[in-house]
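First up is the structure itself, then whatever we jot down about it.
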Amino acid sequence: MTTILDQKQISRAIDEIAARVVKDLSPDDSVAAVGIRSRGEIIAQRLAEKLSALLGKDVPCGTLDITLYRDDLNSPSQTTQPQVRTTEIGFDIDERVIILVDDVLYTGRSTRSALDALVDLGRPRCIKLAVLVERAGRELPIQADYIGFKADVQIGKVVQVNLVESDGRDEVTIE
Amino acid sequence: MALKRKVKQFDWQSKHLLGLRDLSAEHISFILDTAEGFEQISTRSVKKAPPLRGRVVVNLFFEDSTRTRNSFALAASRLSADVIEFTQKTSSVSKGETLLDTARNLESMGVDIVVIRHGAAGAPKLLSRSINACVVNAGDGYCEHPTQGLLDVYTIRKRRGTLEGLKIAIVGDIAHSRVARSDMWAMTKLGAEVTFVAPPTLMPAEVEKLPVKISYSLDEVIDKVDVVNMLRIQFERLGGNPFPSVREYSHYFGLTVERMKRAKPDILVMHPGPINRGLEMESEVADGRNSVILDQVRNGLAVRMAVLFLVNQAAAKQKI
């Protein structure tokens, strides 16, 4: 197990993503963060706080459960049972700039599911993808707009993102 | 506002839902937790999600139904399944085809989930042993109506946070009610105390063997309970004279405005529908502020989506 990001680096990565998001926004853009359960949800909350501070206005934040949109639901080879949980997006996504947030971008399949789930909720002006860690291994033509850290990880190895809110500490490791 | 609940990791393994009697409290809570995730599908822009895409659900109803049949059909459609409607009156059953032959023929067309309502207790179980498709019981005889039981406890849990320690009265035609039985199993497993309230002629045989209290007087319990579930008098099933007159029944066992004055101010009033207004319940009560009758219908949709999703998931895993 090697640590690739510690608490300070995670915090800095989110700061940098927030700064770049703000730079790309037009003055009349209405922005919101949407995190993919479960780690993406936490990073999205932190990002929304930073964005609120930088923009001087409240940036709403929501949580997306992508279980019903997974592409392996009816595949007999799935090992763990998918748990359906709630999607909690308390604002209208129509015409907004949505920053879709996940912890790790790997195969791209979660992102694909999330995009399908999002468009069933409405029609945002655009959707941008922000991830804390990006690694090689894409199985779909998907790329991130904002990347906290590019990790050089062999395919098959696991990037584990631990966050204070869910795991008691901020740390990204390779296992 | 629903309480935040941590969903426990759980492995749902059954590709059938035949009844609640044999499910544990953990199983039941897991279905309710799962249903919470399906509620929002009905409120958003596109009221459809893809998990049952390419699956076929048949509504195999040998008895009349409005709510349950439509609720299952809508639940299946919202999960992107194709739905076949089967009614006894317009089918070959009227030419003498047996239940199993009908089901096997439907299965040959590629049906994945059979939702069955039948007058004979045990019909869903028989079916589950004879065909490969998933079987969901939508009411069998006087035995069980599991999705109604689930939506009832879901509705209570949503309002009260838990069933633990609640006192619940189920009132009326218990003897002919599969709803009462499924409710009883679900409610007691989740920690509520259930009292059956009915005239002796409408109590089931051997009621003392069931995990419930018994009362022959609604006035005796109305001021003590947190929830009252008023069952429909099922005239179509009643033979003989179970009570002297409709007026007398209503006088002793109807939920009247007068009787409600003695109830706890936050009592939840439930009814599985369809209501005989003025008999089980006065209209003012059915439409009053304590009534959650329409919540039950709304929640039924989420609960049935969860059940269809879970049995299909279990079936997908068993194909290995």
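Within each chain, counting starts at residue 1; across the structure tokens, chains are named A, B, ... in the order shown, with ligands numbered 1 upward in that order.
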
Note to self: I'd like the neighbourhood of range 112-124 of chain B as a ChimeraX atom specification, where a residue qualifies if any of its atoms comes within 10 Å (using only C-alpha atoms), though same-chain residues fewer than 6 positions away should be ignored.
What the structure shows: /B:15-19,52,54-65,68-69,72-73,76,81-86,99-100,103,106,130-145,178,308,311-312,315

With C-alpha atoms retained, write the just-selected residues as a CSV table (one decimal), in the first residue's frame.
```csv
chain,number,residue,atom,x,y,z
B,15,LYS,CA,-36.2,-14.2,-6.9
B,16,HIS,CA,-39.7,-14.5,-5.6
B,17,LEU,CA,-41.8,-12.5,-3.1
B,18,LEU,CA,-44.4,-14.9,-1.9
B,19,GLY,CA,-45.3,-13.5,1.5
B,52,LEU,CA,-35.5,-3.7,-16.2
B,54,GLY,CA,-35.6,-5.8,-22.0
B,55,ARG,CA,-37.4,-7.6,-19.2
B,56,VAL,CA,-41.1,-8.7,-19.5
B,57,VAL,CA,-43.5,-8.5,-16.6
B,58,VAL,CA,-46.9,-10.2,-16.8
B,59,ASN,CA,-49.8,-9.1,-14.6
B,60,LEU,CA,-51.6,-12.4,-14.1
B,61,PHE,CA,-54.8,-11.4,-12.3
B,62,PHE,CA,-57.5,-13.9,-11.6
B,63,GLU,CA,-59.4,-11.5,-9.3
B,64,ASP,CA,-60.4,-7.9,-9.8
B,65,SER,CA,-58.1,-5.1,-8.8
B,68,THR,CA,-52.6,-3.1,-7.2
B,69,ARG,CA,-52.8,-4.0,-10.9
B,72,PHE,CA,-47.6,-2.9,-10.6
B,73,ALA,CA,-48.0,-2.0,-14.3
B,76,ALA,CA,-42.8,-2.1,-14.2
B,81,ALA,CA,-39.9,-3.3,-18.5
B,82,ASP,CA,-42.5,-4.4,-21.0
B,83,VAL,CA,-45.8,-5.3,-19.4
B,84,ILE,CA,-48.4,-7.8,-20.5
B,85,GLU,CA,-51.9,-7.6,-19.0
B,86,PHE,CA,-53.7,-10.8,-18.4
B,99,LEU,CA,-53.1,-21.9,-13.9
B,100,LEU,CA,-49.9,-23.8,-14.6
B,103,ALA,CA,-48.2,-19.6,-16.7
B,106,LEU,CA,-46.7,-17.1,-20.9
B,130,SER,CA,-43.2,-24.8,-11.5
B,131,ILE,CA,-41.8,-22.1,-13.6
B,132,ASN,CA,-38.4,-20.4,-14.0
B,133,ALA,CA,-39.6,-16.8,-14.0
B,134,CYS,CA,-39.7,-14.7,-10.8
B,135,VAL,CA,-43.0,-14.7,-9.0
B,136,VAL,CA,-44.4,-11.8,-7.1
B,137,ASN,CA,-47.6,-12.4,-5.0
B,138,ALA,CA,-50.1,-9.6,-5.5
B,139,GLY,CA,-52.7,-11.3,-3.2
B,140,ASP,CA,-53.6,-14.9,-2.7
B,141,GLY,CA,-56.9,-15.9,-1.1
B,142,TYR,CA,-57.0,-14.9,2.6
B,143,CYS,CA,-53.3,-15.6,2.9
B,144,GLU,CA,-51.0,-12.7,2.0
B,145,HIS,CA,-50.7,-9.5,0.1
B,178,ARG,CA,-54.9,-11.0,3.4
B,308,LEU,CA,-39.5,-5.9,-9.0
B,311,VAL,CA,-36.3,-10.2,-7.6
B,312,ASN,CA,-34.9,-9.4,-11.0
B,315,ALA,CA,-32.6,-13.9,-10.9
```

Do you know which residues are at most 12 Å from Leu132 in chain A counting only C-alpha atoms, after dropping those on the same chain fewer than 5 positions away, and could you put them as a ChimeraX atom specification?
/A:4-5,9-18,35,39-44,46-47,100-106,144-151,159-163,171-172

With N, CA and C atoms kept, could you save the residues just selected as a compact mmCIF listing (two decimals), in the first residue's frame?
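Saved as selection_20.txt:
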```txt
# COMPACT_ATOMS: atom_id res chain seq x y z
N ILE A 4 -0.54 8.09 -2.13
CA ILE A 4 -0.21 9.01 -3.22
C ILE A 4 -0.67 10.43 -2.91
N LEU A 5 -1.68 10.59 -2.06
CA LEU A 5 -2.09 11.94 -1.65
C LEU A 5 -2.36 11.95 -0.16
N GLN A 9 -2.46 17.56 0.41
CA GLN A 9 -2.52 17.48 -1.06
C GLN A 9 -3.96 17.36 -1.57
N ILE A 10 -4.78 16.62 -0.82
CA ILE A 10 -6.19 16.49 -1.22
C ILE A 10 -6.86 17.86 -1.16
N SER A 11 -6.60 18.57 -0.05
CA SER A 11 -7.20 19.89 0.13
C SER A 11 -6.75 20.84 -0.98
N ARG A 12 -5.43 20.79 -1.32
CA ARG A 12 -4.91 21.67 -2.37
C ARG A 12 -5.52 21.30 -3.73
N ALA A 13 -5.66 19.98 -3.99
CA ALA A 13 -6.23 19.54 -5.27
C ALA A 13 -7.65 20.09 -5.45
N ILE A 14 -8.44 20.04 -4.37
CA ILE A 14 -9.82 20.55 -4.47
C ILE A 14 -9.82 22.07 -4.66
N ASP A 15 -8.90 22.76 -3.97
CA ASP A 15 -8.76 24.21 -4.16
C ASP A 15 -8.46 24.55 -5.61
N GLU A 16 -7.54 23.79 -6.18
CA GLU A 16 -7.14 24.07 -7.56
C GLU A 16 -8.27 23.81 -8.55
N ILE A 17 -9.01 22.71 -8.30
CA ILE A 17 -10.16 22.43 -9.18
C ILE A 17 -11.14 23.60 -9.10
N ALA A 18 -11.43 24.05 -7.87
CA ALA A 18 -12.38 25.15 -7.68
C ALA A 18 -11.93 26.39 -8.44
N GLY A 35 -22.36 15.27 -6.85
CA GLY A 35 -21.41 14.21 -6.56
C GLY A 35 -22.02 12.83 -6.74
N ARG A 39 -18.15 8.50 -2.38
CA ARG A 39 -17.04 9.43 -2.14
C ARG A 39 -17.18 10.72 -2.95
N GLY A 40 -17.75 10.61 -4.15
CA GLY A 40 -17.93 11.79 -4.98
C GLY A 40 -18.83 12.82 -4.32
N GLU A 41 -19.77 12.31 -3.53
CA GLU A 41 -20.70 13.17 -2.81
C GLU A 41 -19.95 14.08 -1.84
N ILE A 42 -18.98 13.49 -1.15
CA ILE A 42 -18.23 14.26 -0.14
C ILE A 42 -17.33 15.29 -0.82
N ILE A 43 -16.65 14.85 -1.89
CA ILE A 43 -15.76 15.79 -2.59
C ILE A 43 -16.59 16.93 -3.19
N ALA A 44 -17.78 16.60 -3.70
CA ALA A 44 -18.64 17.63 -4.28
C ALA A 44 -19.04 18.66 -3.22
N ARG A 46 -17.31 19.51 -0.58
CA ARG A 46 -16.15 20.37 -0.30
C ARG A 46 -15.93 21.35 -1.45
N LEU A 47 -16.10 20.85 -2.67
CA LEU A 47 -15.91 21.71 -3.83
C LEU A 47 -16.95 22.84 -3.85
N LEU A 100 -19.98 17.67 -12.39
CA LEU A 100 -20.19 16.29 -11.94
C LEU A 100 -18.91 15.83 -11.26
N VAL A 101 -19.01 15.34 -10.02
CA VAL A 101 -17.82 15.05 -9.24
C VAL A 101 -17.73 13.58 -8.85
N ASP A 102 -16.56 12.99 -9.10
CA ASP A 102 -16.32 11.62 -8.63
C ASP A 102 -14.94 11.55 -8.01
N ASP A 103 -14.69 10.50 -7.24
CA ASP A 103 -13.37 10.42 -6.60
C ASP A 103 -12.29 9.97 -7.59
N VAL A 104 -12.58 8.87 -8.34
CA VAL A 104 -11.57 8.34 -9.25
C VAL A 104 -12.18 8.15 -10.64
N LEU A 105 -11.47 8.57 -11.68
CA LEU A 105 -11.89 8.25 -13.05
C LEU A 105 -11.01 7.10 -13.54
N TYR A 106 -11.65 5.94 -13.81
CA TYR A 106 -10.89 4.75 -14.21
C TYR A 106 -11.47 4.23 -15.52
N ALA A 144 -11.99 13.66 -18.26
CA ALA A 144 -12.36 14.63 -17.24
C ALA A 144 -11.99 16.05 -17.68
N ASP A 145 -12.76 17.05 -17.22
CA ASP A 145 -12.44 18.46 -17.47
C ASP A 145 -11.52 19.02 -16.40
N TYR A 146 -11.68 18.52 -15.18
CA TYR A 146 -10.86 18.99 -14.06
C TYR A 146 -10.31 17.79 -13.30
N ILE A 147 -8.98 17.75 -13.18
CA ILE A 147 -8.34 16.60 -12.54
C ILE A 147 -7.51 17.11 -11.36
N GLY A 148 -7.69 16.50 -10.20
CA GLY A 148 -6.90 16.87 -9.03
C GLY A 148 -5.50 16.30 -9.11
N PHE A 149 -5.41 15.04 -9.48
CA PHE A 149 -4.12 14.36 -9.49
C PHE A 149 -4.15 13.22 -10.50
N LYS A 150 -3.08 13.17 -11.36
CA LYS A 150 -2.99 12.06 -12.31
C LYS A 150 -2.14 10.96 -11.70
N ALA A 151 -2.70 9.79 -11.52
CA ALA A 151 -1.95 8.71 -10.89
C ALA A 151 -1.50 7.69 -11.93
N VAL A 159 -7.20 2.06 -6.52
CA VAL A 159 -6.95 3.36 -5.90
C VAL A 159 -8.03 3.57 -4.85
N GLN A 160 -7.60 3.70 -3.60
CA GLN A 160 -8.56 3.83 -2.51
C GLN A 160 -8.57 5.26 -2.00
N VAL A 161 -9.73 5.92 -2.11
CA VAL A 161 -9.83 7.29 -1.60
C VAL A 161 -10.50 7.26 -0.23
N ASN A 162 -9.79 7.70 0.79
CA ASN A 162 -10.36 7.79 2.14
C ASN A 162 -10.62 9.25 2.45
N LEU A 163 -11.78 9.52 3.00
CA LEU A 163 -12.12 10.89 3.36
C LEU A 163 -12.61 10.94 4.81
N GLU A 171 -6.91 10.58 2.84
CA GLU A 171 -5.72 9.92 2.29
C GLU A 171 -6.10 9.13 1.04
N VAL A 172 -5.26 9.20 -0.01
CA VAL A 172 -5.48 8.36 -1.19
C VAL A 172 -4.33 7.37 -1.29
```

request  = Compute the set of chain B residues within 7 Å of chain A, using only C-alpha atoms, and express it as a list in words.
outcome  =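 The contacting residues on chain B are Asp11, Thr34, Glu36, Gly37, Arg44, Ser45, Val46, Ala49, Pro50, Pro51, Gln313, Ala316, Lys317, Lys319 and Ile320 of chain B.
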
Kindly save the residues from that selection, with N, CA and C atoms included, as a tab-separated table (two decimals), in the first residue's frame.
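Wrote again.tsv, looks like this:
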```
chain	number	residue	atom	x	y	z
B	11	ASP	N	-27.55	-8.78	1.26
B	11	ASP	CA	-27.61	-9.56	0.05
B	11	ASP	C	-29.01	-10.14	-0.12
B	34	THR	N	-34.54	0.16	0.12
B	34	THR	CA	-34.40	0.18	-1.34
B	34	THR	C	-35.50	1.04	-1.96
B	36	GLU	N	-36.89	3.63	-0.89
B	36	GLU	CA	-36.63	5.07	-0.77
B	36	GLU	C	-35.90	5.60	-2.01
B	37	GLY	N	-35.01	4.77	-2.56
B	37	GLY	CA	-34.26	5.19	-3.73
B	37	GLY	C	-35.12	5.27	-4.99
B	44	ARG	N	-39.56	13.33	-10.97
B	44	ARG	CA	-38.60	14.11	-11.76
B	44	ARG	C	-39.07	14.28	-13.20
B	45	SER	N	-38.21	14.86	-14.02
B	45	SER	CA	-38.56	15.19	-15.39
B	45	SER	C	-38.86	13.94	-16.23
B	46	VAL	N	-37.93	13.00	-16.28
B	46	VAL	CA	-38.18	11.74	-17.00
B	46	VAL	C	-38.53	10.69	-15.95
B	49	ALA	N	-36.56	4.85	-15.35
B	49	ALA	CA	-35.15	4.48	-15.20
B	49	ALA	C	-34.95	3.12	-15.87
B	50	PRO	N	-33.71	2.79	-16.23
B	50	PRO	CA	-33.53	1.62	-17.12
B	50	PRO	C	-33.30	0.23	-16.52
B	51	PRO	N	-33.39	-0.03	-15.22
B	51	PRO	CA	-32.87	-1.31	-14.73
B	51	PRO	C	-33.60	-2.57	-15.22
B	313	GLN	N	-32.89	-8.75	-9.84
B	313	GLN	CA	-31.46	-8.82	-9.51
B	313	GLN	C	-31.08	-10.20	-9.03
B	316	ALA	N	-30.93	-12.52	-11.94
B	316	ALA	CA	-29.75	-12.29	-12.77
B	316	ALA	C	-28.53	-12.98	-12.17
B	317	LYS	N	-28.44	-12.94	-10.86
B	317	LYS	CA	-27.29	-13.59	-10.19
B	317	LYS	C	-27.34	-15.10	-10.29
B	319	LYS	N	-28.23	-16.82	-12.71
B	319	LYS	CA	-27.99	-17.35	-14.07
B	319	LYS	C	-26.56	-17.81	-14.26
B	320	ILE	N	-25.70	-17.59	-13.28
B	320	ILE	CA	-24.28	-17.97	-13.41
B	320	ILE	C	-24.15	-19.46	-13.70
```

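From CA of Asp6 in chain A back to CA of Ile174 in chain A, the distance works out to 12.3 Å.
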
| Could you pull out all residues of range 136-257 of chain B with a DSSP call of helix (DSSP H, G or I) and give them as a PyMOL selection string? | chain B and resi 146-160+178-189+200-202+207-209+218-221+246-253+257

Taking C-alpha atoms for each residue, export the selection above as a tab-separated table (two decimals), in the first residue's frame.
```
chain	number	residue	atom	x	y	z
B	146	PRO	CA	-47.06	-8.78	0.71
B	147	THR	CA	-46.63	-5.56	-1.27
B	148	GLN	CA	-49.61	-4.04	0.57
B	149	GLY	CA	-48.01	-5.02	3.89
B	150	LEU	CA	-44.74	-3.47	2.76
B	151	LEU	CA	-46.29	-0.22	1.58
B	152	ASP	CA	-48.22	0.06	4.84
B	153	VAL	CA	-45.10	-0.25	7.00
B	154	TYR	CA	-43.22	2.01	4.57
B	155	THR	CA	-45.90	4.68	5.01
B	156	ILE	CA	-45.77	4.40	8.80
B	157	ARG	CA	-41.96	4.41	8.90
B	158	LYS	CA	-41.85	7.48	6.70
B	159	ARG	CA	-44.17	9.36	9.07
B	160	ARG	CA	-42.82	8.08	12.37
B	178	ARG	CA	-54.93	-11.02	3.35
B	179	VAL	CA	-53.92	-7.42	3.99
B	180	ALA	CA	-54.42	-7.92	7.74
B	181	ARG	CA	-52.14	-10.94	7.66
B	182	SER	CA	-49.33	-9.34	5.66
B	183	ASP	CA	-49.63	-6.19	7.79
B	184	MET	CA	-49.46	-8.25	10.95
B	185	TRP	CA	-46.28	-10.04	9.87
B	186	ALA	CA	-44.53	-6.88	8.70
B	187	MET	CA	-45.60	-4.70	11.64
B	188	THR	CA	-44.81	-7.18	14.40
B	189	LYS	CA	-41.46	-8.12	12.88
B	200	PRO	CA	-66.33	-12.21	16.69
B	201	THR	CA	-67.90	-13.24	13.38
B	202	LEU	CA	-65.15	-11.45	11.43
B	207	VAL	CA	-56.70	-15.98	15.94
B	208	GLU	CA	-55.25	-16.62	19.39
B	209	LYS	CA	-52.31	-18.40	17.75
B	218	LEU	CA	-63.07	-0.17	18.67
B	219	ASP	CA	-63.97	2.22	21.51
B	220	GLU	CA	-61.72	0.23	23.81
B	221	VAL	CA	-58.60	0.77	21.67
B	246	VAL	CA	-74.54	-2.16	7.87
B	247	ARG	CA	-75.67	0.61	10.20
B	248	GLU	CA	-74.95	-1.44	13.26
B	249	TYR	CA	-71.49	-2.39	11.99
B	250	SER	CA	-70.71	1.24	11.28
B	251	HIS	CA	-71.98	2.24	14.72
B	252	TYR	CA	-69.61	-0.13	16.53
B	253	PHE	CA	-66.65	-0.47	14.16
B	257	VAL	CA	-65.70	11.89	13.37
```

Students should find that CA of Glu258 in chain B and CA of Gly172 in chain B are spaced 17.9 Å

To one decimal place in Å, what is the distance between CA of Ser52 in chain A and CA of Leu118 in chain A?
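Separation between CA of Ser52 in chain A and CA of Leu118 in chain A: 22.1 Å.
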
*With a distance cut-off of 10 Å and only C-alpha atoms, select the neighbouring residues of Met260 in chain B, excluding the residue or stretch itself and same-chain residues fewer than 5 positions from it, and output the selection as an MDAnalysis selection string.*
chainID B and resid 219 222:223 255 265 267 269 285 290

Got time to write the residues from that selection, C-alpha atoms, as a PDB file, in the first residue's frame?
```pdb
ATOM      1  CA  ASP B 219     -63.975   2.221  21.509  1.00  0.00           C
ATOM      2  CA  ILE B 222     -59.134   3.993  19.699  1.00  0.00           C
ATOM      3  CA  ASP B 223     -57.602   6.268  22.373  1.00  0.00           C
ATOM      4  CA  LEU B 255     -64.193   5.302  12.173  1.00  0.00           C
ATOM      5  CA  PRO B 265     -54.124  13.938  17.850  1.00  0.00           C
ATOM      6  CA  ILE B 267     -52.952   9.152  14.903  1.00  0.00           C
ATOM      7  CA  VAL B 269     -55.518   6.722   9.601  1.00  0.00           C
ATOM      8  CA  VAL B 285     -62.137  11.082   8.349  1.00  0.00           C
ATOM      9  CA  ASN B 290     -54.816  12.294   9.900  1.00  0.00           C
TER      10      ASN B 290
END
```

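Residues of range 84-146 of chain B carrying a DSSP assignment of strand (DSSP E), computed from the backbone, are Ile84, Glu85, Phe86, Thr87, Ile113, Val114, Val115, Ile116, Arg117, His118, Cys134, Val135, Val136, Asn137, Ala138, Gly139 and Asp140 of chain B.
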
Test item: residues at most 9 Å from Ile31 in chain B, only C-alpha atoms, excluding those fewer than 6 positions along its chain, as a VMD selection string:
chain B and resid 12 150 303 306 to 307 310

Using only C-alpha atoms, find each residue of range 91-180 of chain B with at least one atom at most 12 Å away from an atom of range 278-284 of chain B; report its shortest atom-to-atom pair and that distance in Å (one decimal), sort the rows by chain and rising residue number, and return the result as CSV.
```
residue,atom,partner,partner_atom,distance
B:Ile170,CA,B:Glu280,CA,11.7
B:Val171,CA,B:Glu280,CA,8.7
B:Gly172,CA,B:Glu280,CA,7.6
B:Asp173,CA,B:Glu280,CA,9.9
```

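Between Ala35 in chain B and the candidates B:Leu210, B:Leu20, B:Ala75, B:Arg104, the tightest atom-to-atom separation, counting only C-alpha atoms, involves B:Ala75.
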